[in-house]
$ cat final13.tsv   # TSV, C-alpha atoms
chain	number	residue	atom	x	y	z
A	1	MET	CA	20.72	3.62	5.30
A	2	GLY	CA	22.29	3.29	8.72
A	3	LEU	CA	22.40	0.16	10.85
A	4	ARG	CA	19.44	1.23	13.00
A	5	GLU	CA	17.21	1.90	9.99
A	6	ARG	CA	18.30	-1.35	8.37
A	7	LYS	CA	17.39	-3.27	11.56
A	8	LYS	CA	13.97	-1.59	11.63
A	9	THR	CA	13.36	-2.51	8.00
A	10	GLU	CA	14.41	-6.11	8.65
A	11	THR	CA	12.16	-6.36	11.73
A	12	ARG	CA	9.17	-4.94	9.86
A	13	ALA	CA	9.75	-7.38	6.99
A	14	ALA	CA	10.09	-10.33	9.39
A	15	LEU	CA	6.84	-9.39	11.13
A	16	SER	CA	4.88	-8.93	7.92
A	17	THR	CA	6.23	-12.17	6.43
A	18	ALA	CA	5.34	-14.10	9.60
A	19	ALA	CA	1.87	-12.52	9.77
A	20	LEU	CA	1.05	-13.40	6.17
A	21	ARG	CA	2.39	-16.95	6.52
A	22	LEU	CA	0.37	-17.56	9.69
A	23	ALA	CA	-2.80	-16.09	8.18
A	24	LEU	CA	-2.48	-18.35	5.15
A	25	GLU	CA	-1.84	-21.39	7.37
A	26	LYS	CA	-4.39	-20.77	10.11
A	27	GLY	CA	-6.88	-18.21	8.78
A	28	VAL	CA	-6.93	-14.53	9.71
A	29	ASP	CA	-9.21	-14.93	12.73
A	30	ASN	CA	-6.95	-17.59	14.24
A	31	VAL	CA	-3.77	-15.52	14.23
A	32	ARG	CA	-2.74	-13.72	17.42
A	33	VAL	CA	-0.28	-10.86	17.72
A	34	ASP	CA	1.88	-12.81	20.18
A	35	GLU	CA	2.19	-15.64	17.62
A	36	ILE	CA	3.30	-13.20	14.93
A	37	ALA	CA	5.84	-11.65	17.31
A	38	GLU	CA	7.16	-15.06	18.34
A	39	ALA	CA	7.48	-16.20	14.72
A	40	ALA	CA	9.53	-13.07	13.97
A	41	ASN	CA	11.65	-13.44	17.15
A	42	VAL	CA	10.50	-10.18	18.73
A	43	SER	CA	8.34	-9.27	21.71
A	44	PRO	CA	4.65	-8.35	21.35
A	45	ARG	CA	5.61	-4.85	22.52
A	46	THR	CA	8.08	-4.56	19.63
A	47	TYR	CA	5.35	-5.80	17.28
A	48	ASN	CA	3.11	-2.93	18.43
A	49	ASN	CA	5.81	-0.42	17.47
A	50	TYR	CA	5.47	-1.54	13.85
A	51	PHE	CA	1.81	-2.33	13.18
A	52	PRO	CA	-1.49	-1.03	14.58
A	53	SER	CA	-3.27	-4.34	13.94
A	54	ARG	CA	-2.69	-7.88	12.77
A	55	GLU	CA	-4.52	-6.99	9.54
A	56	HIS	CA	-1.97	-4.29	8.73
A	57	ALA	CA	0.86	-6.71	9.40
A	58	ILE	CA	-0.71	-9.33	7.13
A	59	VAL	CA	-1.22	-7.00	4.17
A	60	ALA	CA	2.25	-5.51	4.63
A	61	GLY	CA	3.57	-8.89	3.52
A	62	ILE	CA	2.14	-8.17	0.09
A	63	THR	CA	2.53	-4.42	-0.12
A	64	ALA	CA	5.97	-3.91	1.45
A	65	SER	CA	7.70	-2.96	-1.78
A	66	ARG	CA	4.80	-1.02	-3.31
A	67	ALA	CA	6.03	2.44	-2.27
A	68	LEU	CA	9.45	1.84	-3.77
A	69	GLN	CA	7.91	0.52	-6.99
A	70	VAL	CA	5.73	3.62	-7.34
A	71	ALA	CA	8.74	5.88	-6.83
A	72	GLU	CA	10.79	3.91	-9.38
A	73	ALA	CA	7.95	4.04	-11.91
A	74	LEU	CA	7.58	7.80	-11.42
A	75	ARG	CA	11.31	8.42	-11.77
A	76	GLY	CA	11.37	6.21	-14.88
A	77	SER	CA	8.46	7.93	-16.59
A	78	PRO	CA	9.20	9.65	-19.89
A	79	PRO	CA	10.64	13.16	-19.61
A	80	GLY	CA	8.00	15.74	-20.30
A	81	GLU	CA	5.10	13.40	-19.55
A	82	PRO	CA	2.50	15.21	-17.42
A	83	LEU	CA	2.92	14.23	-13.77
A	84	VAL	CA	-0.76	13.23	-13.55
A	85	ASP	CA	-0.25	10.66	-16.32
A	86	SER	CA	2.90	9.35	-14.63
A	87	LEU	CA	1.06	9.00	-11.30
A	88	VAL	CA	-1.90	7.18	-12.85
A	89	ALA	CA	0.40	4.75	-14.64
A	90	ALA	CA	2.55	4.15	-11.54
A	91	PHE	CA	-0.45	3.43	-9.31
A	92	ALA	CA	-2.29	1.36	-11.92
A	93	GLU	CA	0.77	-0.88	-12.28
A	94	GLN	CA	0.60	-1.69	-8.55
A	95	TYR	CA	-2.90	-3.12	-8.94
A	96	ARG	CA	-2.15	-5.33	-11.94
A	97	GLU	CA	-0.93	-8.11	-9.69
A	98	PRO	CA	-1.81	-11.66	-10.68
A	99	PRO	CA	-4.26	-13.32	-8.29
A	100	THR	CA	-2.48	-15.18	-5.53
A	101	GLU	CA	-3.51	-17.08	-2.45
A	102	ALA	CA	-2.57	-14.04	-0.35
A	103	LEU	CA	-4.67	-11.66	-2.48
A	104	ALA	CA	-7.58	-14.11	-2.33
A	105	LEU	CA	-7.28	-14.03	1.46
A	106	ILE	CA	-7.34	-10.24	1.45
A	107	ASN	CA	-10.29	-10.12	-0.93
A	108	SER	CA	-12.31	-12.55	1.17
A	109	THR	CA	-11.70	-10.81	4.51
A	110	PRO	CA	-13.32	-7.38	4.98
A	111	SER	CA	-10.85	-6.24	7.67
A	112	LEU	CA	-7.91	-7.16	5.42
A	113	ARG	CA	-9.47	-5.33	2.45
A	114	GLU	CA	-9.72	-2.22	4.61
A	115	ALA	CA	-6.08	-2.52	5.73
A	116	TYR	CA	-5.04	-3.16	2.12
A	117	LEU	CA	-6.68	0.08	1.02
A	118	ASP	CA	-4.94	1.93	3.87
A	119	THR	CA	-1.54	0.92	2.50
A	120	VAL	CA	-1.92	3.52	-0.23
A	121	SER	CA	-0.78	6.12	2.33
A	122	SER	CA	2.59	4.35	2.65
A	123	MET	CA	3.37	5.67	-0.82
A	124	GLU	CA	3.31	9.32	0.26
A	125	PRO	CA	7.02	9.85	1.10
A	126	PRO	CA	8.40	8.66	-2.26
A	127	ILE	CA	5.63	10.50	-4.12
A	128	ALA	CA	6.52	13.67	-2.21
A	129	GLU	CA	10.16	13.25	-3.26
A	130	VAL	CA	9.21	12.92	-6.93
A	131	ILE	CA	6.80	15.88	-6.75
A	132	ALA	CA	9.54	18.00	-5.19
A	133	GLU	CA	12.02	16.90	-7.87
A	134	ARG	CA	9.72	17.28	-10.88
A	135	LEU	CA	7.81	20.39	-9.88
A	136	GLY	CA	10.38	22.14	-7.71
A	137	LYS	CA	7.95	22.25	-4.78
A	138	ASP	CA	9.11	22.96	-1.26
A	139	PRO	CA	9.00	19.93	1.10
A	140	THR	CA	5.72	20.96	2.75
A	141	GLY	CA	4.00	21.60	-0.57
A	142	ALA	CA	5.26	18.29	-1.94
A	143	GLU	CA	4.04	16.41	1.16
A	144	VAL	CA	0.59	18.01	0.93
A	145	LEU	CA	0.29	17.11	-2.76
A	146	ALA	CA	1.52	13.56	-2.06
A	147	ALA	CA	-1.14	13.17	0.64
A	148	ALA	CA	-3.79	14.42	-1.80
A	149	VAL	CA	-2.58	11.97	-4.46
A	150	SER	CA	-2.62	9.16	-1.90
A	151	ALA	CA	-6.19	10.02	-0.88
A	152	ALA	CA	-7.29	10.18	-4.52
A	153	ALA	CA	-5.70	6.79	-5.22
A	154	ARG	CA	-7.36	5.27	-2.15
A	155	ILE	CA	-10.77	6.53	-3.28
A	156	ALA	CA	-10.15	5.24	-6.81
A	157	VAL	CA	-9.21	1.78	-5.55
A	158	GLN	CA	-12.25	1.70	-3.25
A	159	ARG	CA	-14.49	2.45	-6.24
A	160	TRP	CA	-12.70	-0.11	-8.37
A	161	VAL	CA	-13.01	-2.91	-5.78
A	162	ASN	CA	-16.61	-4.09	-6.00
A	163	VAL	CA	-17.47	-6.48	-3.19
A	164	ARG	CA	-20.53	-8.62	-3.81
A	165	PRO	CA	-22.77	-9.67	-0.88
A	166	SER	CA	-21.23	-13.15	-1.14
A	167	GLY	CA	-17.81	-11.61	-0.37
A	168	LEU	CA	-16.60	-12.17	-3.92
A	169	VAL	CA	-14.58	-9.23	-5.20
A	170	VAL	CA	-15.30	-8.23	-8.77
A	171	PRO	CA	-13.39	-5.21	-10.08
A	172	ALA	CA	-15.69	-2.49	-11.37
A	173	GLY	CA	-14.25	-1.29	-14.66
A	174	SER	CA	-10.62	-0.40	-15.07
A	175	VAL	CA	-8.48	0.63	-12.11
A	176	GLU	CA	-6.70	3.00	-14.47
A	177	ASP	CA	-9.97	4.77	-15.33
A	178	HIS	CA	-10.83	5.19	-11.65
A	179	LEU	CA	-7.32	6.48	-10.92
A	180	ARG	CA	-7.43	8.90	-13.86
A	181	GLU	CA	-10.76	10.31	-12.67
A	182	ALA	CA	-9.70	10.71	-9.03
A	183	ILE	CA	-6.13	11.94	-9.54
A	184	GLY	CA	-7.32	14.11	-12.43
A	185	HIS	CA	-8.98	16.43	-9.91
A	186	LEU	CA	-5.47	17.32	-8.71
A	187	GLU	CA	-4.11	18.10	-12.17
A	188	PRO	CA	-3.98	21.92	-11.76
A	189	ALA	CA	-1.81	21.55	-8.64
A	190	LEU	CA	0.42	18.94	-10.29
A	191	ARG	CA	1.55	21.08	-13.22

$ encode --input "final13.tsv" --output "structure tokens"
Amino acid sequence: MGLRERKKTETRAALSTAALRLALEKGVDNVRVDEIAEAANVSPRTYNNYFPSREHAIVAGITASRALQVAEALRGSPPGEPLVDSLVAAFAEQYREPPTEALALINSTPSLREAYLDTVSSMEPPIAEVIAERLGKDPTGAEVLAAAVSAAARIAVQRWVNVRPSGLVVPAGSVEDHLREAIGHLEPALR
């Protein structure tokens, strides 16, 4: 990674860390973009280059390493294991996080839950790399399959997350079962 990319990664991490810290301290509705930018020592304009909303910045503090973890899990899966099984296991592992104050904040705030579900798409590039490696797909084919896997995982997580009228989040069944059902529809293309 070059200096420019490293600086971008550091800036994104500083913004997401500041956003999450401020949300936990002040509450999501009391956090402004200019406060996040100031806490990360960047301008609000720079902030807007990294995140479309404060909600996305807040959840990025939790999910920043998720894409890399999925890629590592896929690359570390047993040789010969069907790619669908590897994908289900890699995604399921990402949702076995212990409850934390940050996750409680996300679960209790509808706009944060939505942004949290959107983070599944950040996993597409490393998934595309693994699909290209394991299946010998061309880059475009691998990217299309990664986008389909990402969409299937997002739908699975939406079905797994059961929000009660009180705002309490109660998982519906096993995330792994929901992932297996959704990603399973892609199995013919992932052979």

$ residues_near_point --input "final13.tsv" --point "(5.0, 2.8, -8.0)" --cutoff "8 Å" --atoms "all atoms listed in the file" --output "mmCIF file with C-alpha atoms, in the frame of the given file"
data_model
loop_
_atom_site.group_PDB
_atom_site.id
_atom_site.type_symbol
_atom_site.label_atom_id
_atom_site.label_comp_id
_atom_site.auth_asym_id
_atom_site.auth_seq_id
_atom_site.Cartn_x
_atom_site.Cartn_y
_atom_site.Cartn_z
ATOM 1 C CA ARG A 66 4.800 -1.020 -3.310
ATOM 2 C CA ALA A 67 6.030 2.440 -2.270
ATOM 3 C CA LEU A 68 9.450 1.840 -3.770
ATOM 4 C CA GLN A 69 7.910 0.520 -6.990
ATOM 5 C CA VAL A 70 5.730 3.620 -7.340
ATOM 6 C CA ALA A 71 8.740 5.880 -6.830
ATOM 7 C CA GLU A 72 10.790 3.910 -9.380
ATOM 8 C CA ALA A 73 7.950 4.040 -11.910
ATOM 9 C CA LEU A 74 7.580 7.800 -11.420
ATOM 10 C CA ALA A 90 2.550 4.150 -11.540
ATOM 11 C CA PHE A 91 -0.450 3.430 -9.310
ATOM 12 C CA GLU A 93 0.770 -0.880 -12.280
ATOM 13 C CA GLN A 94 0.600 -1.690 -8.550
ATOM 14 C CA MET A 123 3.370 5.670 -0.820
#

$ atom_distance --input "final13.tsv" --atom1 "CA of Val59 (chain A)" --atom2 "CA of Ala132 (chain A)"
28.8 Å

$ residues_near_point --input "final13.tsv" --point "(2.6, 15.9, -5.4)" --cutoff "10 Å" --atoms "all atoms listed in the file" --output "PyMOL selection string"
chain A and resi 83-84+87+124-135+137+139+141-150+186-187+189-191

$ atom_distance --input "final13.tsv" --atom1 "CA of Arg159 (chain A)" --atom2 "CA of Asp177 (chain A)"
10.4 Å

$ closest_residue --input "final13.tsv" --among "A:Asp138, A:Glu181, A:Glu176, A:Asp118" --to "His56 (chain A)" --atoms "only C-alpha atoms"
A:Asp118

$ residues_around --input "final13.tsv" --residues "Ala115 (chain A)" --least-positions-apart "4" --cutoff "10 Å" --atoms "all atoms listed in the file" --output "ChimeraX atom specification"
/A:53-60,106,110-111,119-120

$ decode --input "final13.tsv" --residues "region 69-88 of chain A" --atoms "N, CA and C atoms" --output "short mmCIF file (atom, residue, chain, number, x, y, z; two decimals), in the first residue's frame"
data_model
loop_
_atom_site.label_atom_id
_atom_site.label_comp_id
_atom_site.auth_asym_id
_atom_site.auth_seq_id
_atom_site.Cartn_x
_atom_site.Cartn_y
_atom_site.Cartn_z
N GLN A 69 -11.54 -9.66 7.46
CA GLN A 69 -11.78 -10.90 8.19
C GLN A 69 -12.49 -11.93 7.32
N VAL A 70 -13.43 -11.47 6.50
CA VAL A 70 -14.13 -12.39 5.59
C VAL A 70 -13.13 -12.97 4.59
N ALA A 71 -12.30 -12.11 4.02
CA ALA A 71 -11.31 -12.59 3.06
C ALA A 71 -10.35 -13.59 3.69
N GLU A 72 -9.88 -13.29 4.91
CA GLU A 72 -8.98 -14.21 5.61
C GLU A 72 -9.66 -15.55 5.87
N ALA A 73 -10.92 -15.50 6.31
CA ALA A 73 -11.65 -16.73 6.59
C ALA A 73 -11.83 -17.55 5.31
N LEU A 74 -12.12 -16.88 4.21
CA LEU A 74 -12.29 -17.60 2.94
C LEU A 74 -10.98 -18.22 2.48
N ARG A 75 -9.90 -17.47 2.59
CA ARG A 75 -8.60 -18.01 2.18
C ARG A 75 -8.14 -19.14 3.10
N GLY A 76 -8.58 -19.12 4.35
CA GLY A 76 -8.20 -20.15 5.30
C GLY A 76 -9.14 -21.33 5.35
N SER A 77 -10.16 -21.33 4.51
CA SER A 77 -11.10 -22.45 4.53
C SER A 77 -10.42 -23.71 3.98
N PRO A 78 -10.90 -24.86 4.41
CA PRO A 78 -10.27 -26.11 3.99
C PRO A 78 -10.26 -26.29 2.47
N PRO A 79 -9.13 -26.77 1.94
CA PRO A 79 -9.08 -27.02 0.50
C PRO A 79 -10.15 -28.03 0.10
N GLY A 80 -10.81 -27.76 -0.99
CA GLY A 80 -11.83 -28.67 -1.46
C GLY A 80 -13.22 -28.42 -0.89
N GLU A 81 -13.29 -27.57 0.15
CA GLU A 81 -14.61 -27.25 0.71
C GLU A 81 -15.40 -26.45 -0.34
N PRO A 82 -16.67 -26.77 -0.54
CA PRO A 82 -17.45 -25.99 -1.50
C PRO A 82 -17.43 -24.51 -1.12
N LEU A 83 -17.30 -23.65 -2.12
CA LEU A 83 -17.20 -22.21 -1.88
C LEU A 83 -18.43 -21.69 -1.14
N VAL A 84 -19.61 -22.23 -1.42
CA VAL A 84 -20.82 -21.80 -0.72
C VAL A 84 -20.67 -22.03 0.78
N ASP A 85 -20.16 -23.18 1.17
CA ASP A 85 -19.97 -23.48 2.60
C ASP A 85 -18.94 -22.53 3.22
N SER A 86 -17.88 -22.24 2.49
CA SER A 86 -16.85 -21.31 2.98
C SER A 86 -17.43 -19.92 3.18
N LEU A 87 -18.26 -19.47 2.22
CA LEU A 87 -18.87 -18.15 2.31
C LEU A 87 -19.82 -18.05 3.50
N VAL A 88 -20.66 -19.06 3.67
CA VAL A 88 -21.61 -19.07 4.79
C VAL A 88 -20.85 -18.99 6.11
#
